[in-house]
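Below is one structure, written out as structure tokens; the observations come after it.
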Amino acid sequence: MRPISTHHRFRDPRSTKCDFLVSVLVRCPGCEKVAHVGTAPDPTGVRDQSLFAPRRLVCRNCGLAKEWNRGSVVLHRDRHKSATDPYFDIRLWLQTETRHGWVWAYNLEHLDLIRRFVQAPLREGIPWHEQGRRMTVVARLPAWIQQAKNRDEVLRAIARIHTSLLRT
């Protein structure tokens with residue numbers, strides 16, 4: 001029996017949604033081009049990476065800039081609606097709709113994690129007895145994304161999302 005190569009194996013890196021919120025790609029409300037939401041430096045020049053750190057929305061196309069300072073944070077939950085960023089409630093750039101629901105990601109690192117999970121025939125989760133196993137990004141993916149029968153459709157959706165960045 002041949003051992004399964006690491007290329008076909010996925011091990012949950014224990015990443016949570018919060019790990020991907022340092023940099024978020026959104027659709028600019030001013031010009032509809034790609035914009036960036038990132039952590040804003042404080043007056044001392046230090047960038048706080050925590051969930052509630054001040055954020056800045058910047059569009060390099062039209063020059064739009066907005067600040068967010070410690071309001072509420074709303075993480076996306078509804079698979080039947082397009083996803084928005086948790087700070088400014090602006091539509092994410094990296095998303096597309098499928099017949100089952102929306103595939104979305106905060107940034108390319110998040111999208112790559114989903115792609116690697118979906119394409120792997122062998123997926124190793126976190127053992128049932130370990131704390132926090134239900135809070136990881138891959139553990140919280142919708143069941144239809146996790147099902148092998150939808151693998152090709154989800155990978156096509158991810159490819160469409162990548163293509164959307166090339167057209168900007």
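Just so we're on the same page: first chain in the structure tokens is A, next is B, and so on; residues restart at 1 for each chain, and ligands are numbered from 1 in the order they show up.
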### Query
What residues in chain A get the DSSP label strand (DSSP E or B)? Please answer as a PyMOL selection string.
chain A and resi 9-11+23-27+34-39+41+47+55-58+65-68+84+91-92+95-97+102-104+122-124
Produce a file of the selected residues containing N, CA, C and O atoms, as a CSV table (one decimal), in the first residue's frame.
chain,number,residue,atom,x,y,z
A,9,ARG,N,-2.9,15.5,1.6
A,9,ARG,CA,-3.3,15.5,3.0
A,9,ARG,C,-3.5,16.9,3.5
A,9,ARG,O,-2.6,17.8,3.3
A,10,PHE,N,-4.5,17.1,4.3
A,10,PHE,CA,-4.7,18.5,4.9
A,10,PHE,C,-4.8,18.3,6.4
A,10,PHE,O,-5.6,17.5,6.9
A,11,ARG,N,-4.0,19.0,7.1
A,11,ARG,CA,-4.0,19.0,8.6
A,11,ARG,C,-4.5,20.4,9.0
A,11,ARG,O,-4.0,21.4,8.6
A,23,SER,N,-5.9,41.8,7.5
A,23,SER,CA,-5.9,42.4,6.2
A,23,SER,C,-7.2,41.8,5.5
A,23,SER,O,-7.3,40.6,5.3
A,24,VAL,N,-8.1,42.7,5.1
A,24,VAL,CA,-9.4,42.2,4.4
A,24,VAL,C,-9.5,43.0,3.1
A,24,VAL,O,-9.4,44.2,3.1
A,25,LEU,N,-9.9,42.2,2.1
A,25,LEU,CA,-10.1,42.9,0.8
A,25,LEU,C,-11.6,43.0,0.6
A,25,LEU,O,-12.4,42.1,0.8
A,26,VAL,N,-12.0,44.3,0.3
A,26,VAL,CA,-13.4,44.6,0.2
A,26,VAL,C,-13.7,45.4,-1.2
A,26,VAL,O,-12.8,45.8,-1.8
A,27,ARG,N,-15.0,45.5,-1.5
A,27,ARG,CA,-15.4,46.3,-2.7
A,27,ARG,C,-15.6,47.7,-2.2
A,27,ARG,O,-16.4,48.0,-1.3
A,34,VAL,N,-11.4,47.1,-5.9
A,34,VAL,CA,-10.9,46.5,-4.7
A,34,VAL,C,-10.3,47.5,-3.8
A,34,VAL,O,-9.6,48.4,-4.2
A,35,ALA,N,-10.6,47.4,-2.5
A,35,ALA,CA,-10.1,48.2,-1.4
A,35,ALA,C,-9.5,47.3,-0.3
A,35,ALA,O,-9.8,46.1,-0.3
A,36,HIS,N,-8.8,47.9,0.6
A,36,HIS,CA,-8.2,47.2,1.7
A,36,HIS,C,-8.6,47.7,3.1
A,36,HIS,O,-8.6,48.9,3.3
A,37,VAL,N,-8.9,46.8,4.0
A,37,VAL,CA,-9.2,47.2,5.4
A,37,VAL,C,-8.0,46.5,6.1
A,37,VAL,O,-7.8,45.3,6.1
A,38,GLY,N,-7.3,47.3,6.8
A,38,GLY,CA,-6.2,46.8,7.6
A,38,GLY,C,-6.1,47.5,9.0
A,38,GLY,O,-6.9,48.5,9.2
A,39,THR,N,-5.2,47.1,9.8
A,39,THR,CA,-5.1,47.7,11.1
A,39,THR,C,-4.4,49.1,10.9
A,39,THR,O,-3.5,49.2,10.1
A,41,PRO,N,-2.2,52.3,12.4
A,41,PRO,CA,-1.2,52.5,13.4
A,41,PRO,C,-1.7,53.5,14.4
A,41,PRO,O,-2.5,54.4,14.1
A,47,ARG,N,1.3,48.9,15.4
A,47,ARG,CA,0.0,48.3,14.8
A,47,ARG,C,-0.4,47.2,15.8
A,47,ARG,O,0.2,46.2,15.9
A,55,ARG,N,-9.1,50.2,12.8
A,55,ARG,CA,-8.9,49.8,11.4
A,55,ARG,C,-9.0,51.0,10.4
A,55,ARG,O,-9.6,52.0,10.8
A,56,ARG,N,-8.5,50.8,9.3
A,56,ARG,CA,-8.5,51.8,8.2
A,56,ARG,C,-8.9,51.2,6.9
A,56,ARG,O,-8.3,50.2,6.5
A,57,LEU,N,-9.9,51.8,6.2
A,57,LEU,CA,-10.3,51.3,4.9
A,57,LEU,C,-9.6,52.3,3.9
A,57,LEU,O,-9.7,53.5,4.1
A,58,VAL,N,-8.9,51.7,2.9
A,58,VAL,CA,-8.2,52.5,1.9
A,58,VAL,C,-8.4,52.0,0.6
A,58,VAL,O,-8.3,50.8,0.3
A,65,ALA,N,-10.8,56.9,2.1
A,65,ALA,CA,-10.2,56.5,3.3
A,65,ALA,C,-11.2,56.7,4.5
A,65,ALA,O,-11.8,57.7,4.6
A,66,LYS,N,-11.4,55.6,5.3
A,66,LYS,CA,-12.3,55.7,6.4
A,66,LYS,C,-11.5,55.1,7.6
A,66,LYS,O,-10.7,54.2,7.5
A,67,GLU,N,-11.9,55.6,8.8
A,67,GLU,CA,-11.4,55.0,10.0
A,67,GLU,C,-12.5,54.3,10.8
A,67,GLU,O,-13.6,54.7,10.8
A,68,TRP,N,-12.1,53.3,11.6
A,68,TRP,CA,-13.0,52.6,12.5
A,68,TRP,C,-12.3,52.5,13.8
A,68,TRP,O,-11.1,52.0,13.9
A,84,THR,N,-19.8,40.4,4.3
A,84,THR,CA,-19.2,41.8,4.5
A,84,THR,C,-18.1,41.7,5.5
A,84,THR,O,-18.0,40.8,6.3
A,91,ARG,N,-19.1,45.0,1.5
A,91,ARG,CA,-19.1,43.7,0.8
A,91,ARG,C,-17.7,43.3,0.6
A,91,ARG,O,-16.8,44.0,0.1
A,92,LEU,N,-17.4,42.0,0.9
A,92,LEU,CA,-16.0,41.4,0.6
A,92,LEU,C,-15.8,41.3,-0.9
A,92,LEU,O,-16.7,41.1,-1.7
A,95,GLN,N,-15.4,36.7,-3.0
A,95,GLN,CA,-16.6,35.9,-2.8
A,95,GLN,C,-17.3,35.7,-4.1
A,95,GLN,O,-17.2,36.5,-5.0
A,96,THR,N,-18.1,34.6,-4.1
A,96,THR,CA,-18.9,34.3,-5.3
A,96,THR,C,-20.0,33.3,-4.8
A,96,THR,O,-19.9,32.6,-3.8
A,97,GLU,N,-21.1,33.4,-5.5
A,97,GLU,CA,-22.3,32.6,-5.2
A,97,GLU,C,-22.3,31.3,-5.9
A,97,GLU,O,-22.0,31.2,-7.1
A,102,TRP,N,-22.8,30.9,-0.6
A,102,TRP,CA,-21.7,31.7,-0.9
A,102,TRP,C,-20.4,31.1,-0.5
A,102,TRP,O,-20.3,30.6,0.6
A,103,VAL,N,-19.3,31.2,-1.3
A,103,VAL,CA,-18.0,30.9,-0.9
A,103,VAL,C,-17.3,32.3,-0.8
A,103,VAL,O,-17.3,33.1,-1.7
A,104,TRP,N,-16.6,32.5,0.4
A,104,TRP,CA,-16.0,33.8,0.6
A,104,TRP,C,-14.8,33.7,1.5
A,104,TRP,O,-14.6,32.7,2.2
A,122,LEU,N,-7.7,13.6,1.9
A,122,LEU,CA,-7.5,13.2,3.3
A,122,LEU,C,-7.4,14.4,4.1
A,122,LEU,O,-6.5,15.2,4.0
A,123,ARG,N,-8.4,14.6,5.0
A,123,ARG,CA,-8.5,15.8,5.9
A,123,ARG,C,-8.4,15.4,7.3
A,123,ARG,O,-9.2,14.7,7.8
A,124,GLU,N,-7.3,15.9,8.0
A,124,GLU,CA,-7.1,15.5,9.4
A,124,GLU,C,-7.6,16.7,10.2
A,124,GLU,O,-7.0,17.8,10.2
If we count only C-alpha atoms and set the cut-off at 7 Å, which residues sit around Met135 (chain A), ignoring sequence neighbours fewer than 4 positions away in its own chain? Please answer as a JSON list (two decimals) with C-alpha atoms, in the first residue's frame.
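This went into result.json:
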[["chain", "number", "residue", "atom", "x", "y", "z"],
["A", 16, "THR", "CA", -9.77, 31.01, 13.41],
["A", 139, "ALA", "CA", -14.29, 23.06, 11.35],
["A", 140, "ARG", "CA", -16.86, 25.85, 10.87]]
### Task
For CA of Glu32 (chain A) and CA of Tyr87 (chain A), determine how far apart the two atoms are, in Å to one decimal place.
17.7 Å
#### Entry: DSSP alpha helix (DSSP H) selection over region 32-142 of chain A, as a VMD selection string
chain A and resid 108 to 119
### Task
Would you mind telling me which residue in A:Leu94, A:Val137, A:Ala143, A:Ala105 lies nearest to Leu165 (chain A) when using only C-alpha atoms?
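The shortest atom-to-atom distance to Leu165 (chain A) comes from A:Leu94.
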### Query
Could you name the residues that touch region 150-154 of chain A at 8 Å or less, counting only C-alpha atoms, but leaving out those on the same chain fewer than 6 positions away, as a list of chain:residue names?
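In the requested format, the answer is A:Thr98, A:Val103, A:Val118, A:Gln119, A:Trp144.
Using only C-alpha atoms, the shortest contact distance between Lys33 (chain A) and any of A:Leu64, A:Leu51, A:Ala83, A:Cys18 is found at A:Leu64.
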### Query
For Asp112 (chain A), which residue among A:His162, A:His80, A:Arg167, A:Lys17 is the nearest when counting only C-alpha atoms?
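Ranked by minimum distance to Asp112 (chain A), first place goes to A:His162.
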### Query
Separation of CA of Asp12 (chain A) and CA of Val138 (chain A), in Å?
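Between these atoms lies a distance of 7.0 Å.
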#### Entry: Residue among A:Tyr106, A:Phe117, A:Phe88, A:Phe20 lying closest to His8 (chain A), counting only C-alpha atoms
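For His8 (chain A), the nearest of the candidates is A:Phe117.
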### Shell of 8 Å around Val74 (chain A), only C-alpha atoms, local chain residues under 4 positions omitted, as a list in words
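Contacts, with the query itself left out: Asp85, Pro86, Tyr87 and Asp89 of chain A.
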### Message
Just the number, please: distance in Å from CA of Asp78 (chain A) to CA of Ala53 (chain A), one decimal.
### Response
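Between CA of Asp78 (chain A) and CA of Ala53 (chain A) the gap is 24.7 Å.
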